[in-house]
file run.pdb (PDB, C-alpha atoms)
ATOM      1  CA  MET A1124      10.886   6.286   3.536  1.00  0.00           C
ATOM      2  CA  VAL A1125       8.063   8.665   2.740  1.00  0.00           C
ATOM      3  CA  ASN A1126       7.030  11.181   5.359  1.00  0.00           C
ATOM      4  CA  ASP A1127       3.605  12.232   4.140  1.00  0.00           C
ATOM      5  CA  GLY A1128       3.376  15.571   5.916  1.00  0.00           C
ATOM      6  CA  SER A1129       3.453  14.129   9.425  1.00  0.00           C
ATOM      7  CA  ILE A1130       3.310  16.741  12.165  1.00  0.00           C
ATOM      8  CA  ASP A1131       4.602  14.451  14.919  1.00  0.00           C
ATOM      9  CA  LYS A1132       8.180  13.219  15.447  1.00  0.00           C
ATOM     10  CA  THR A1133       8.262  11.241  12.185  1.00  0.00           C
ATOM     11  CA  ASP A1134      10.657  13.606  10.415  1.00  0.00           C
ATOM     12  CA  ARG A1135      13.162  13.516  13.275  1.00  0.00           C
ATOM     13  CA  ILE A1136      12.961   9.712  13.481  1.00  0.00           C
ATOM     14  CA  CYS A1137      13.513   9.429   9.729  1.00  0.00           C
ATOM     15  CA  GLN A1138      16.493  11.787   9.896  1.00  0.00           C
ATOM     16  CA  ASN A1139      18.002   9.644  12.663  1.00  0.00           C
ATOM     17  CA  LEU A1140      17.511   6.516  10.559  1.00  0.00           C
ATOM     18  CA  LEU A1141      19.240   8.195   7.614  1.00  0.00           C
ATOM     19  CA  GLY A1142      22.262   8.713   9.839  1.00  0.00           C
ATOM     20  CA  LEU A1143      22.311   5.017  10.717  1.00  0.00           C
ATOM     21  CA  ASN A1144      21.959   3.701   7.171  1.00  0.00           C
ATOM     22  CA  PRO A1145      23.183   5.760   4.200  1.00  0.00           C
ATOM     23  CA  ARG A1146      21.294   3.495   1.773  1.00  0.00           C
ATOM     24  CA  LEU A1147      17.989   4.858   3.046  1.00  0.00           C
ATOM     25  CA  ARG A1148      16.377   7.769   1.278  1.00  0.00           C
ATOM     26  CA  LEU A1149      13.733  10.125   2.620  1.00  0.00           C
ATOM     27  CA  ILE A1150      10.971  11.728   0.609  1.00  0.00           C
ATOM     28  CA  HIS A1151       9.177  14.458   2.467  1.00  0.00           C
ATOM     29  CA  HIS A1152       5.758  15.783   1.508  1.00  0.00           C
ATOM     30  CA  PRO A1153       5.299  19.256   3.025  1.00  0.00           C
ATOM     31  CA  ARG A1154       1.656  18.409   3.740  1.00  0.00           C
ATOM     32  CA  ASN A1155      -0.334  15.192   3.945  1.00  0.00           C
ATOM     33  CA  LEU A1156      -1.235  14.094   0.417  1.00  0.00           C
ATOM     34  CA  GLY A1157      -2.659  10.688   1.314  1.00  0.00           C
ATOM     35  CA  ILE A1158      -1.684   7.044   0.976  1.00  0.00           C
ATOM     36  CA  GLY A1159      -1.737   6.923  -2.807  1.00  0.00           C
ATOM     37  CA  ALA A1160       0.518   9.948  -3.217  1.00  0.00           C
ATOM     38  CA  ALA A1161       2.903   8.623  -0.559  1.00  0.00           C
ATOM     39  CA  LEU A1162       3.135   5.229  -2.233  1.00  0.00           C
ATOM     40  CA  HIS A1163       3.544   6.808  -5.667  1.00  0.00           C
ATOM     41  CA  SER A1164       6.422   8.979  -4.427  1.00  0.00           C
ATOM     42  CA  GLY A1165       8.102   6.036  -2.744  1.00  0.00           C
ATOM     43  CA  PHE A1166       7.649   3.710  -5.710  1.00  0.00           C
ATOM     44  CA  GLN A1167       9.055   6.310  -8.112  1.00  0.00           C
ATOM     45  CA  ALA A1168      12.123   6.859  -5.928  1.00  0.00           C
ATOM     46  CA  ALA A1169      12.809   3.146  -5.390  1.00  0.00           C
ATOM     47  CA  GLN A1170      15.954   1.878  -7.075  1.00  0.00           C
ATOM     48  CA  GLY A1171      16.309  -1.762  -6.121  1.00  0.00           C
ATOM     49  CA  GLU A1172      15.209  -4.844  -7.996  1.00  0.00           C
ATOM     50  CA  TYR A1173      12.315  -5.298  -5.555  1.00  0.00           C
ATOM     51  CA  ILE A1174      10.064  -2.852  -3.779  1.00  0.00           C
ATOM     52  CA  PHE A1175       8.834  -3.642  -0.293  1.00  0.00           C
ATOM     53  CA  TYR A1176       6.392  -1.396   1.424  1.00  0.00           C
ATOM     54  CA  MET A1177       4.967  -1.467   4.874  1.00  0.00           C
ATOM     55  CA  ASP A1178       2.703   1.037   6.570  1.00  0.00           C
ATOM     56  CA  GLY A1179       4.638   2.963   9.202  1.00  0.00           C
ATOM     57  CA  ASP A1180       2.032   2.838  11.965  1.00  0.00           C
ATOM     58  CA  ASN A1181       3.477  -0.175  13.832  1.00  0.00           C
ATOM     59  CA  GLN A1182       0.586  -2.455  12.896  1.00  0.00           C
ATOM     60  CA  PHE A1183       2.993  -4.814  11.109  1.00  0.00           C
ATOM     61  CA  ASP A1184       6.245  -6.447  12.124  1.00  0.00           C
ATOM     62  CA  VAL A1185       8.966  -5.845   9.537  1.00  0.00           C
ATOM     63  CA  PHE A1186      10.476  -9.218  10.424  1.00  0.00           C
ATOM     64  CA  GLY A1187       7.428 -10.806   8.753  1.00  0.00           C
ATOM     65  CA  LEU A1188       9.270 -10.028   5.518  1.00  0.00           C
ATOM     66  CA  LYS A1189      11.343 -13.192   6.008  1.00  0.00           C
ATOM     67  CA  GLU A1190       8.201 -15.220   5.170  1.00  0.00           C
ATOM     68  CA  PHE A1191       8.103 -13.512   1.760  1.00  0.00           C
ATOM     69  CA  LEU A1192      11.725 -13.987   0.721  1.00  0.00           C
ATOM     70  CA  PRO A1193      11.491 -17.663  -0.339  1.00  0.00           C
ATOM     71  CA  TYR A1194       8.866 -16.700  -2.949  1.00  0.00           C
ATOM     72  CA  LEU A1195      10.757 -13.879  -4.689  1.00  0.00           C
ATOM     73  CA  ASP A1196      12.039 -16.085  -7.498  1.00  0.00           C
ATOM     74  CA  GLY A1197       8.657 -17.577  -8.371  1.00  0.00           C
ATOM     75  CA  TYR A1198       6.381 -14.537  -8.161  1.00  0.00           C
ATOM     76  CA  ASP A1199       6.312 -10.916  -9.303  1.00  0.00           C
ATOM     77  CA  LEU A1200       3.937  -9.764  -6.594  1.00  0.00           C
ATOM     78  CA  LEU A1201       3.752 -10.902  -2.963  1.00  0.00           C
ATOM     79  CA  LEU A1202       0.713  -9.644  -1.097  1.00  0.00           C
ATOM     80  CA  GLY A1203       0.327  -9.708   2.636  1.00  0.00           C
ATOM     81  CA  TRP A1204      -3.101 -10.397   4.042  1.00  0.00           C
ATOM     82  CA  ARG A1205      -3.964  -9.717   7.648  1.00  0.00           C
ATOM     83  CA  LEU A1206      -4.501 -13.053   9.329  1.00  0.00           C
ATOM     84  CA  GLN A1207      -6.435 -11.458  12.181  1.00  0.00           C
ATOM     85  CA  ARG A1208      -7.220  -7.858  11.363  1.00  0.00           C
ATOM     86  CA  ALA A1209      -6.710  -5.745  14.507  1.00  0.00           C
ATOM     87  CA  ASP A1210      -9.034  -2.896  13.571  1.00  0.00           C
ATOM     88  CA  ALA A1211     -12.270  -1.626  15.065  1.00  0.00           C
ATOM     89  CA  ALA A1212     -15.558  -2.950  13.674  1.00  0.00           C
ATOM     90  CA  PRO A1213     -16.419   0.187  11.616  1.00  0.00           C
ATOM     91  CA  ARG A1214     -13.068  -0.029   9.806  1.00  0.00           C
ATOM     92  CA  LYS A1215     -13.586  -3.735   9.113  1.00  0.00           C
ATOM     93  CA  ILE A1216     -17.055  -3.024   7.724  1.00  0.00           C
ATOM     94  CA  ASN A1217     -15.724  -0.256   5.453  1.00  0.00           C
ATOM     95  CA  ALA A1218     -12.959  -2.582   4.255  1.00  0.00           C
ATOM     96  CA  TRP A1219     -15.459  -5.344   3.488  1.00  0.00           C
ATOM     97  CA  LEU A1220     -17.694  -2.937   1.528  1.00  0.00           C
ATOM     98  CA  TYR A1221     -14.712  -1.627  -0.437  1.00  0.00           C
ATOM     99  CA  LYS A1222     -13.436  -5.144  -1.166  1.00  0.00           C
ATOM    100  CA  THR A1223     -16.911  -6.181  -2.340  1.00  0.00           C
ATOM    101  CA  ALA A1224     -17.107  -3.170  -4.669  1.00  0.00           C
ATOM    102  CA  LEU A1225     -13.659  -3.950  -6.101  1.00  0.00           C
ATOM    103  CA  ARG A1226     -14.568  -7.609  -6.604  1.00  0.00           C
ATOM    104  CA  THR A1227     -17.773  -6.641  -8.373  1.00  0.00           C
ATOM    105  CA  LEU A1228     -16.482  -3.773 -10.522  1.00  0.00           C
ATOM    106  CA  LEU A1229     -12.898  -4.868 -11.219  1.00  0.00           C
ATOM    107  CA  GLY A1230     -12.905  -8.589 -10.570  1.00  0.00           C
ATOM    108  CA  LEU A1231     -10.187  -8.276  -7.909  1.00  0.00           C
ATOM    109  CA  ARG A1232     -10.271 -11.468  -5.853  1.00  0.00           C
ATOM    110  CA  PHE A1233      -7.429 -10.839  -3.421  1.00  0.00           C
ATOM    111  CA  LYS A1234      -8.041 -11.577   0.266  1.00  0.00           C
ATOM    112  CA  ASP A1235      -6.865  -8.209   1.570  1.00  0.00           C
ATOM    113  CA  ILE A1236      -6.410  -5.585  -1.119  1.00  0.00           C
ATOM    114  CA  ASP A1237      -5.338  -2.752   1.147  1.00  0.00           C
ATOM    115  CA  CYS A1238      -3.000  -4.642   3.441  1.00  0.00           C
ATOM    116  CA  GLY A1239       0.017  -2.352   3.858  1.00  0.00           C
ATOM    117  CA  PHE A1240       2.604  -5.122   3.500  1.00  0.00           C
ATOM    118  CA  LYS A1241       3.623  -5.974  -0.069  1.00  0.00           C
ATOM    119  CA  VAL A1242       6.705  -6.912  -2.104  1.00  0.00           C
ATOM    120  CA  PHE A1243       6.967  -6.746  -5.865  1.00  0.00           C
ATOM    121  CA  ALA A1244       9.494  -6.673  -8.655  1.00  0.00           C
ATOM    122  CA  ARG A1245      10.223  -3.064  -9.623  1.00  0.00           C
ATOM    123  CA  LYS A1246      10.190  -4.041 -13.316  1.00  0.00           C
ATOM    124  CA  ILE A1247       6.402  -4.593 -13.210  1.00  0.00           C
ATOM    125  CA  LEU A1248       5.860  -1.088 -11.888  1.00  0.00           C
ATOM    126  CA  GLN A1249       7.899   0.459 -14.675  1.00  0.00           C
ATOM    127  CA  LYS A1250       5.341  -0.792 -17.197  1.00  0.00           C
ATOM    128  CA  GLN A1251       2.523   1.148 -15.528  1.00  0.00           C
ATOM    129  CA  SER A1252       1.272   4.700 -15.432  1.00  0.00           C
ATOM    130  CA  LEU A1253      -0.779   4.840 -12.259  1.00  0.00           C
ATOM    131  CA  LYS A1254      -3.137   7.813 -12.135  1.00  0.00           C
ATOM    132  CA  SER A1255      -4.719   7.509  -8.693  1.00  0.00           C
ATOM    133  CA  ARG A1256      -3.194   9.350  -5.751  1.00  0.00           C
ATOM    134  CA  GLY A1257      -5.799   8.573  -3.114  1.00  0.00           C
ATOM    135  CA  ALA A1258      -6.943   5.383  -1.401  1.00  0.00           C
ATOM    136  CA  PHE A1259      -7.803   3.800  -4.779  1.00  0.00           C
ATOM    137  CA  PHE A1260      -4.087   3.734  -5.714  1.00  0.00           C
ATOM    138  CA  ILE A1261      -3.467   0.140  -4.586  1.00  0.00           C
ATOM    139  CA  ALA A1262      -6.661  -1.162  -6.200  1.00  0.00           C
ATOM    140  CA  GLU A1263      -5.612   0.457  -9.489  1.00  0.00           C
ATOM    141  CA  PHE A1264      -2.118  -1.013  -9.113  1.00  0.00           C
ATOM    142  CA  LEU A1265      -3.469  -4.521  -8.426  1.00  0.00           C
ATOM    143  CA  HIS A1266      -5.974  -4.347 -11.268  1.00  0.00           C
ATOM    144  CA  ARG A1267      -3.262  -3.321 -13.718  1.00  0.00           C
ATOM    145  CA  MET A1268      -1.033  -6.119 -12.436  1.00  0.00           C
ATOM    146  CA  LYS A1269      -3.885  -8.602 -12.859  1.00  0.00           C
ATOM    147  CA  LYS A1270      -4.422  -7.440 -16.450  1.00  0.00           C
ATOM    148  CA  MET A1271      -0.691  -7.894 -17.113  1.00  0.00           C
ATOM    149  CA  GLY A1272      -0.936 -11.454 -15.856  1.00  0.00           C
ATOM    150  CA  VAL A1273       1.728 -11.083 -13.184  1.00  0.00           C
ATOM    151  CA  ARG A1274       2.390 -14.035 -10.923  1.00  0.00           C
ATOM    152  CA  ALA A1275       1.004 -13.140  -7.479  1.00  0.00           C
ATOM    153  CA  LYS A1276       1.027 -14.943  -4.146  1.00  0.00           C
ATOM    154  CA  GLU A1277      -0.838 -14.024  -0.986  1.00  0.00           C
ATOM    155  CA  ILE A1278       0.942 -14.588   2.323  1.00  0.00           C
ATOM    156  CA  PRO A1279      -0.597 -14.180   5.793  1.00  0.00           C
ATOM    157  CA  VAL A1280       0.934 -11.521   8.041  1.00  0.00           C
ATOM    158  CA  SER A1281       0.392 -10.629  11.673  1.00  0.00           C
ATOM    159  CA  HIS A1282      -1.525  -7.419  12.279  1.00  0.00           C
ATOM    160  CA  TYR A1283      -1.411  -5.505  15.542  1.00  0.00           C
ATOM    161  CA  PRO A1284      -3.638  -2.845  17.109  1.00  0.00           C
ATOM    162  CA  ARG A1285      -2.694   0.715  16.282  1.00  0.00           C
ATOM    163  CA  VAL A1286      -0.700   2.275  19.100  1.00  0.00           C
ATOM    164  CA  TYR A1287       0.194   5.645  17.553  1.00  0.00           C
ATOM    165  CA  GLY A1288      -1.561   8.026  15.214  1.00  0.00           C
ATOM    166  CA  SER A1289      -5.040   7.686  13.834  1.00  0.00           C
ATOM    167  CA  GLN A1290      -6.393   6.011  10.759  1.00  0.00           C
ATOM    168  CA  THR A1291      -7.902   8.153   8.032  1.00  0.00           C
ATOM    169  CA  GLY A1292      -9.151   5.469   5.635  1.00  0.00           C
ATOM    170  CA  ALA A1293     -12.749   5.763   6.868  1.00  0.00           C
ATOM    171  CA  HIS A1294     -12.818   9.560   6.667  1.00  0.00           C
ATOM    172  CA  PRO A1295     -15.623  10.702   4.307  1.00  0.00           C
ATOM    173  CA  LYS A1296     -13.181  12.791   2.216  1.00  0.00           C
ATOM    174  CA  VAL A1297     -10.910   9.759   1.705  1.00  0.00           C
ATOM    175  CA  ILE A1298     -13.839   7.529   0.764  1.00  0.00           C
ATOM    176  CA  PHE A1299     -15.275  10.149  -1.612  1.00  0.00           C
ATOM    177  CA  LYS A1300     -11.911  10.643  -3.346  1.00  0.00           C
ATOM    178  CA  ALA A1301     -11.438   6.868  -3.698  1.00  0.00           C
ATOM    179  CA  ALA A1302     -14.920   6.569  -5.208  1.00  0.00           C
ATOM    180  CA  LEU A1303     -14.197   9.381  -7.692  1.00  0.00           C
ATOM    181  CA  GLU A1304     -10.864   7.812  -8.659  1.00  0.00           C
ATOM    182  CA  MET A1305     -12.532   4.425  -9.117  1.00  0.00           C
ATOM    183  CA  LEU A1306     -15.235   5.916 -11.338  1.00  0.00           C
ATOM    184  CA  ALA A1307     -12.626   7.769 -13.411  1.00  0.00           C
ATOM    185  CA  TYR A1308     -10.598   4.582 -13.760  1.00  0.00           C
ATOM    186  CA  LEU A1309     -13.648   2.560 -14.792  1.00  0.00           C
ATOM    187  CA  ALA A1310     -14.589   5.208 -17.363  1.00  0.00           C
ATOM    188  CA  LYS A1311     -11.096   5.248 -18.930  1.00  0.00           C
ATOM    189  CA  ARG A1312      -9.950   1.647 -18.491  1.00  0.00           C
ATOM    190  CA  GLU A1313      -6.862   1.234 -20.622  1.00  0.00           C
TER     191      GLU A1313
END
call {"tool": "encode", "arguments": {"input": "run.pdb", "output": "structure tokens"}}
result
Amino acid sequence: MVNDGSIDKTDRICQNLLGLNPRLRLIHHPRNLGIGAALHSGFQAAQGEYIFYMDGDNQFDVFGLKEFLPYLDGYDLLLGWRLQRADAAPRKINAWLYKTALRTLLGLRFKDIDCGFKVFARKILQKQSLKSRGAFFIAEFLHRMKKMGVRAKEIPVSHYPRVYGSQTGAHPKVIFKAALEMLAYLAKRE
């Protein structure tokens, strides 16, 4: 679990979960560093054969993971895509613009690049040196996986309206940082 500088009850909830399951580990960022930094920290700390990540804002049902399990042997990368995205119109528009830019500039043809519900073999991550720490992190990850020729499968997942917290993906600072990271990545493509 990665607590990315949350100022609500997240830390206490995570500590309680640690008490219930000693196999869990908690990474705590003293301040919010953003989605890319949180995922990077979690991915680096992961020790199992597979890495599963799910956004912690209750917009996904963890039990949807059972739909992914039958495909673990045949694929390196299992990508959730939101069957019916439960976001407000401005967020959907931003997502469509971002997806269009990624399709055009990087050739990424996935249905839902930023869906926060993915499973992948840890071994494919170990071959990468991801540079991004902002919202571009997942796009960089997927582009590198595509270049490696990993076997990927997209699986629909249920998506629910946000009940707690607030989204930051459409914040101008987040968008600007993602654009800068994308430009840097395009300039230095390895």
call {"tool": "resolve_selection", "arguments": {"input": "run.pdb", "expression": "the PyMOL selection byres ((chain A and resi 1231) around 12)", "output": "ChimeraX atom specification"}}
result
/A:1221-1230,1232-1237,1261-1270
call {"tool": "resolve_selection", "arguments": {"input": "run.pdb", "expression": "the PyMOL selection byres ((chain A and resi 1305) around 10)", "output": "ChimeraX atom specification"}}
result
/A:1224-1225,1228-1229,1255,1257-1260,1262-1263,1299-1304,1306-1311
call {"tool": "residues_around", "arguments": {"input": "run.pdb", "residues": "Phe1166 of chain A", "least_positions_apart": "2", "cutoff": "12 Å", "atoms": "all atoms listed in the file", "output": "number ranges by chain"}}
result
A: 1124-1125, 1148, 1150, 1158-1164, 1168-1176, 1241-1249, 1251-1253, 1260-1261, 1264
call {"tool": "write_last_selection", "arguments": {"input": "run.pdb", "atoms": "C-alpha atoms", "output": "compact mmCIF listing (two decimals), in the coordinates of the input"}}
result
# COMPACT_ATOMS: atom_id res chain seq x y z
CA MET A 1124 10.89 6.29 3.54
CA VAL A 1125 8.06 8.66 2.74
CA ARG A 1148 16.38 7.77 1.28
CA ILE A 1150 10.97 11.73 0.61
CA ILE A 1158 -1.68 7.04 0.98
CA GLY A 1159 -1.74 6.92 -2.81
CA ALA A 1160 0.52 9.95 -3.22
CA ALA A 1161 2.90 8.62 -0.56
CA LEU A 1162 3.14 5.23 -2.23
CA HIS A 1163 3.54 6.81 -5.67
CA SER A 1164 6.42 8.98 -4.43
CA ALA A 1168 12.12 6.86 -5.93
CA ALA A 1169 12.81 3.15 -5.39
CA GLN A 1170 15.95 1.88 -7.08
CA GLY A 1171 16.31 -1.76 -6.12
CA GLU A 1172 15.21 -4.84 -8.00
CA TYR A 1173 12.32 -5.30 -5.56
CA ILE A 1174 10.06 -2.85 -3.78
CA PHE A 1175 8.83 -3.64 -0.29
CA TYR A 1176 6.39 -1.40 1.42
CA LYS A 1241 3.62 -5.97 -0.07
CA VAL A 1242 6.70 -6.91 -2.10
CA PHE A 1243 6.97 -6.75 -5.86
CA ALA A 1244 9.49 -6.67 -8.65
CA ARG A 1245 10.22 -3.06 -9.62
CA LYS A 1246 10.19 -4.04 -13.32
CA ILE A 1247 6.40 -4.59 -13.21
CA LEU A 1248 5.86 -1.09 -11.89
CA GLN A 1249 7.90 0.46 -14.68
CA GLN A 1251 2.52 1.15 -15.53
CA SER A 1252 1.27 4.70 -15.43
CA LEU A 1253 -0.78 4.84 -12.26
CA PHE A 1260 -4.09 3.73 -5.71
CA ILE A 1261 -3.47 0.14 -4.59
CA PHE A 1264 -2.12 -1.01 -9.11
call {"tool": "atom_distance", "arguments": {"input": "run.pdb", "atom1": "atom CA of Gly1142 of chain A", "atom2": "atom CA of Asp1180 of chain A"}}
result
21.2 Å
call {"tool": "resolve_selection", "arguments": {"input": "run.pdb", "expression": "the PyMOL selection byres ((chain A and resi 1203) around 7)", "output": "CSV table (one decimal) with C-alpha atoms, in the frame of the given file"}}
result
chain,number,residue,atom,x,y,z
A,1201,LEU,CA,3.8,-10.9,-3.0
A,1202,LEU,CA,0.7,-9.6,-1.1
A,1204,TRP,CA,-3.1,-10.4,4.0
A,1205,ARG,CA,-4.0,-9.7,7.6
A,1238,CYS,CA,-3.0,-4.6,3.4
A,1240,PHE,CA,2.6,-5.1,3.5
A,1241,LYS,CA,3.6,-6.0,-0.1
A,1277,GLU,CA,-0.8,-14.0,-1.0
A,1278,ILE,CA,0.9,-14.6,2.3
A,1279,PRO,CA,-0.6,-14.2,5.8
A,1280,VAL,CA,0.9,-11.5,8.0
call {"tool": "axis_aligned_box", "arguments": {"input": "run.pdb", "around": "segment 1221-1225 of chain A", "padding_each_side": "6 Å", "output": "JSON"}}
result
{"center_x": -15.3, "center_y": -3.9, "center_z": -3.3, "size_x": 15.7, "size_y": 16.6, "size_z": 17.7}
call {"tool": "atom_distance", "arguments": {"input": "run.pdb", "atom1": "atom CA of Pro1284 of chain A", "atom2": "atom CA of Ala1209 of chain A"}}
result
5.0 Å
call {"tool": "closest_residue", "arguments": {"input": "run.pdb", "among": "A:Pro1295, A:Asp1184, A:Leu1147, A:Gln1138", "to": "Asn1217 of chain A", "atoms": "only C-alpha atoms"}}
result
A:Pro1295
call {"tool": "atom_distance", "arguments": {"input": "run.pdb", "atom1": "atom CA of His1294 of chain A", "atom2": "atom CA of Ala1218 of chain A"}}
result
12.4 Å
call {"tool": "closest_residue", "arguments": {"input": "run.pdb", "among": "A:Asp1127, A:Asp1134, A:Gly1239, A:Lys1215", "to": "Val1185 of chain A", "atoms": "all atoms listed in the file"}}
result
A:Gly1239
call {"tool": "residues_near_point", "arguments": {"input": "run.pdb", "point": "(-1.0, 12.3, 10.2)", "cutoff": "7 Å", "atoms": "all atoms listed in the file", "output": "PDB file with C-alpha atoms, keeping the file's coordinate frame"}}
result
ATOM      1  CA  GLY A1128       3.376  15.571   5.916  1.00  0.00           C
ATOM      2  CA  SER A1129       3.453  14.129   9.425  1.00  0.00           C
ATOM      3  CA  ILE A1130       3.310  16.741  12.165  1.00  0.00           C
ATOM      4  CA  ASN A1155      -0.334  15.192   3.945  1.00  0.00           C
ATOM      5  CA  GLY A1288      -1.561   8.026  15.214  1.00  0.00           C
TER       6      GLY A1288
END
call {"tool": "closest_residue", "arguments": {"input": "run.pdb", "among": "A:His1151, A:Gly1157, A:Gly1197, A:Lys1250", "to": "Arg1274 of chain A", "atoms": "all atoms listed in the file"}}
result
A:Gly1197
call {"tool": "closest_residue", "arguments": {"input": "run.pdb", "among": "A:Arg1208, A:Lys1132, A:Gln1167, A:Ile1216", "to": "Gln1182 of chain A", "atoms": "all atoms listed in the file"}}
result
A:Arg1208
call {"tool": "decode", "arguments": {"input": "run.pdb", "residues": "segment 1185-1256 of chain A", "atoms": "C-alpha atoms", "output": "PDB file, in the first residue's frame"}}
result
ATOM      1  CA  VAL A1185     -11.173  -5.394  -5.740  1.00  0.00           C
ATOM      2  CA  PHE A1186     -13.227  -8.534  -6.341  1.00  0.00           C
ATOM      3  CA  GLY A1187     -13.072  -7.691 -10.064  1.00  0.00           C
ATOM      4  CA  LEU A1188      -9.569  -9.158  -9.863  1.00  0.00           C
ATOM      5  CA  LYS A1189     -11.079 -12.649 -10.149  1.00  0.00           C
ATOM      6  CA  GLU A1190     -11.867 -11.862 -13.815  1.00  0.00           C
ATOM      7  CA  PHE A1191      -8.137 -11.341 -14.424  1.00  0.00           C
ATOM      8  CA  LEU A1192      -6.792 -14.493 -12.786  1.00  0.00           C
ATOM      9  CA  PRO A1193      -7.618 -16.948 -15.610  1.00  0.00           C
ATOM     10  CA  TYR A1194      -5.389 -14.920 -17.967  1.00  0.00           C
ATOM     11  CA  LEU A1195      -2.228 -14.785 -15.835  1.00  0.00           C
ATOM     12  CA  ASP A1196      -0.578 -17.722 -17.582  1.00  0.00           C
ATOM     13  CA  GLY A1197      -1.131 -16.416 -21.105  1.00  0.00           C
ATOM     14  CA  TYR A1198      -0.323 -12.721 -20.707  1.00  0.00           C
ATOM     15  CA  ASP A1199       2.331 -10.515 -19.122  1.00  0.00           C
ATOM     16  CA  LEU A1200       0.080  -7.497 -18.770  1.00  0.00           C
ATOM     17  CA  LEU A1201      -3.629  -7.393 -17.910  1.00  0.00           C
ATOM     18  CA  LEU A1202      -5.222  -3.988 -18.318  1.00  0.00           C
ATOM     19  CA  GLY A1203      -8.559  -3.012 -16.905  1.00  0.00           C
ATOM     20  CA  TRP A1204     -10.725  -0.695 -18.940  1.00  0.00           C
ATOM     21  CA  ARG A1205     -13.696   1.092 -17.458  1.00  0.00           C
ATOM     22  CA  LEU A1206     -16.797  -0.379 -19.028  1.00  0.00           C
ATOM     23  CA  GLN A1207     -18.886   2.639 -18.055  1.00  0.00           C
ATOM     24  CA  ARG A1208     -16.653   5.415 -16.807  1.00  0.00           C
ATOM     25  CA  ALA A1209     -18.308   7.054 -13.777  1.00  0.00           C
ATOM     26  CA  ASP A1210     -16.602  10.432 -14.048  1.00  0.00           C
ATOM     27  CA  ALA A1211     -17.903  13.915 -14.750  1.00  0.00           C
ATOM     28  CA  ALA A1212     -17.912  15.161 -18.348  1.00  0.00           C
ATOM     29  CA  PRO A1213     -14.832  17.444 -17.994  1.00  0.00           C
ATOM     30  CA  ARG A1214     -12.749  14.507 -16.733  1.00  0.00           C
ATOM     31  CA  LYS A1215     -13.959  12.311 -19.596  1.00  0.00           C
ATOM     32  CA  ILE A1216     -13.060  15.027 -22.102  1.00  0.00           C
ATOM     33  CA  ASN A1217      -9.565  15.430 -20.615  1.00  0.00           C
ATOM     34  CA  ALA A1218      -9.097  11.654 -20.717  1.00  0.00           C
ATOM     35  CA  TRP A1219     -10.169  11.505 -24.363  1.00  0.00           C
ATOM     36  CA  LEU A1220      -7.764  14.326 -25.306  1.00  0.00           C
ATOM     37  CA  TYR A1221      -4.907  12.631 -23.454  1.00  0.00           C
ATOM     38  CA  LYS A1222      -5.669   9.247 -25.034  1.00  0.00           C
ATOM     39  CA  THR A1223      -5.768  10.861 -28.484  1.00  0.00           C
ATOM     40  CA  ALA A1224      -2.390  12.523 -27.889  1.00  0.00           C
ATOM     41  CA  LEU A1225      -0.878   9.220 -26.727  1.00  0.00           C
ATOM     42  CA  ARG A1226      -2.302   7.376 -29.734  1.00  0.00           C
ATOM     43  CA  THR A1227      -0.907   9.995 -32.087  1.00  0.00           C
ATOM     44  CA  LEU A1228       2.521  10.516 -30.510  1.00  0.00           C
ATOM     45  CA  LEU A1229       3.275   7.053 -29.109  1.00  0.00           C
ATOM     46  CA  GLY A1230       0.989   4.740 -31.029  1.00  0.00           C
ATOM     47  CA  LEU A1231      -0.677   3.494 -27.829  1.00  0.00           C
ATOM     48  CA  ARG A1232      -3.954   1.863 -28.842  1.00  0.00           C
ATOM     49  CA  PHE A1233      -5.250   0.689 -25.476  1.00  0.00           C
ATOM     50  CA  LYS A1234      -8.902   1.377 -24.635  1.00  0.00           C
ATOM     51  CA  ASP A1235      -8.258   2.994 -21.259  1.00  0.00           C
ATOM     52  CA  ILE A1236      -4.627   3.856 -20.627  1.00  0.00           C
ATOM     53  CA  ASP A1237      -5.085   5.387 -17.197  1.00  0.00           C
ATOM     54  CA  CYS A1238      -7.521   2.896 -15.726  1.00  0.00           C
ATOM     55  CA  GLY A1239      -6.269   2.290 -12.178  1.00  0.00           C
ATOM     56  CA  PHE A1240      -6.768  -1.483 -12.278  1.00  0.00           C
ATOM     57  CA  LYS A1241      -3.881  -3.489 -13.742  1.00  0.00           C
ATOM     58  CA  VAL A1242      -1.986  -6.749 -13.191  1.00  0.00           C
ATOM     59  CA  PHE A1243       1.401  -7.572 -14.639  1.00  0.00           C
ATOM     60  CA  ALA A1244       4.317  -9.913 -14.199  1.00  0.00           C
ATOM     61  CA  ARG A1245       6.961  -8.262 -12.013  1.00  0.00           C
ATOM     62  CA  LYS A1246       9.705  -9.608 -14.304  1.00  0.00           C
ATOM     63  CA  ILE A1247       8.664  -7.196 -17.090  1.00  0.00           C
ATOM     64  CA  LEU A1248       9.041  -4.237 -14.760  1.00  0.00           C
ATOM     65  CA  GLN A1249      12.548  -5.252 -13.765  1.00  0.00           C
ATOM     66  CA  LYS A1250      13.687  -4.713 -17.354  1.00  0.00           C
ATOM     67  CA  GLN A1251      12.622  -1.059 -17.302  1.00  0.00           C
ATOM     68  CA  SER A1252      13.954   2.205 -15.974  1.00  0.00           C
ATOM     69  CA  LEU A1253      10.892   4.415 -15.796  1.00  0.00           C
ATOM     70  CA  LYS A1254      11.728   8.108 -15.532  1.00  0.00           C
ATOM     71  CA  SER A1255       8.313   9.740 -15.185  1.00  0.00           C
ATOM     72  CA  ARG A1256       6.894  10.421 -11.737  1.00  0.00           C
TER      73      ARG A1256
END
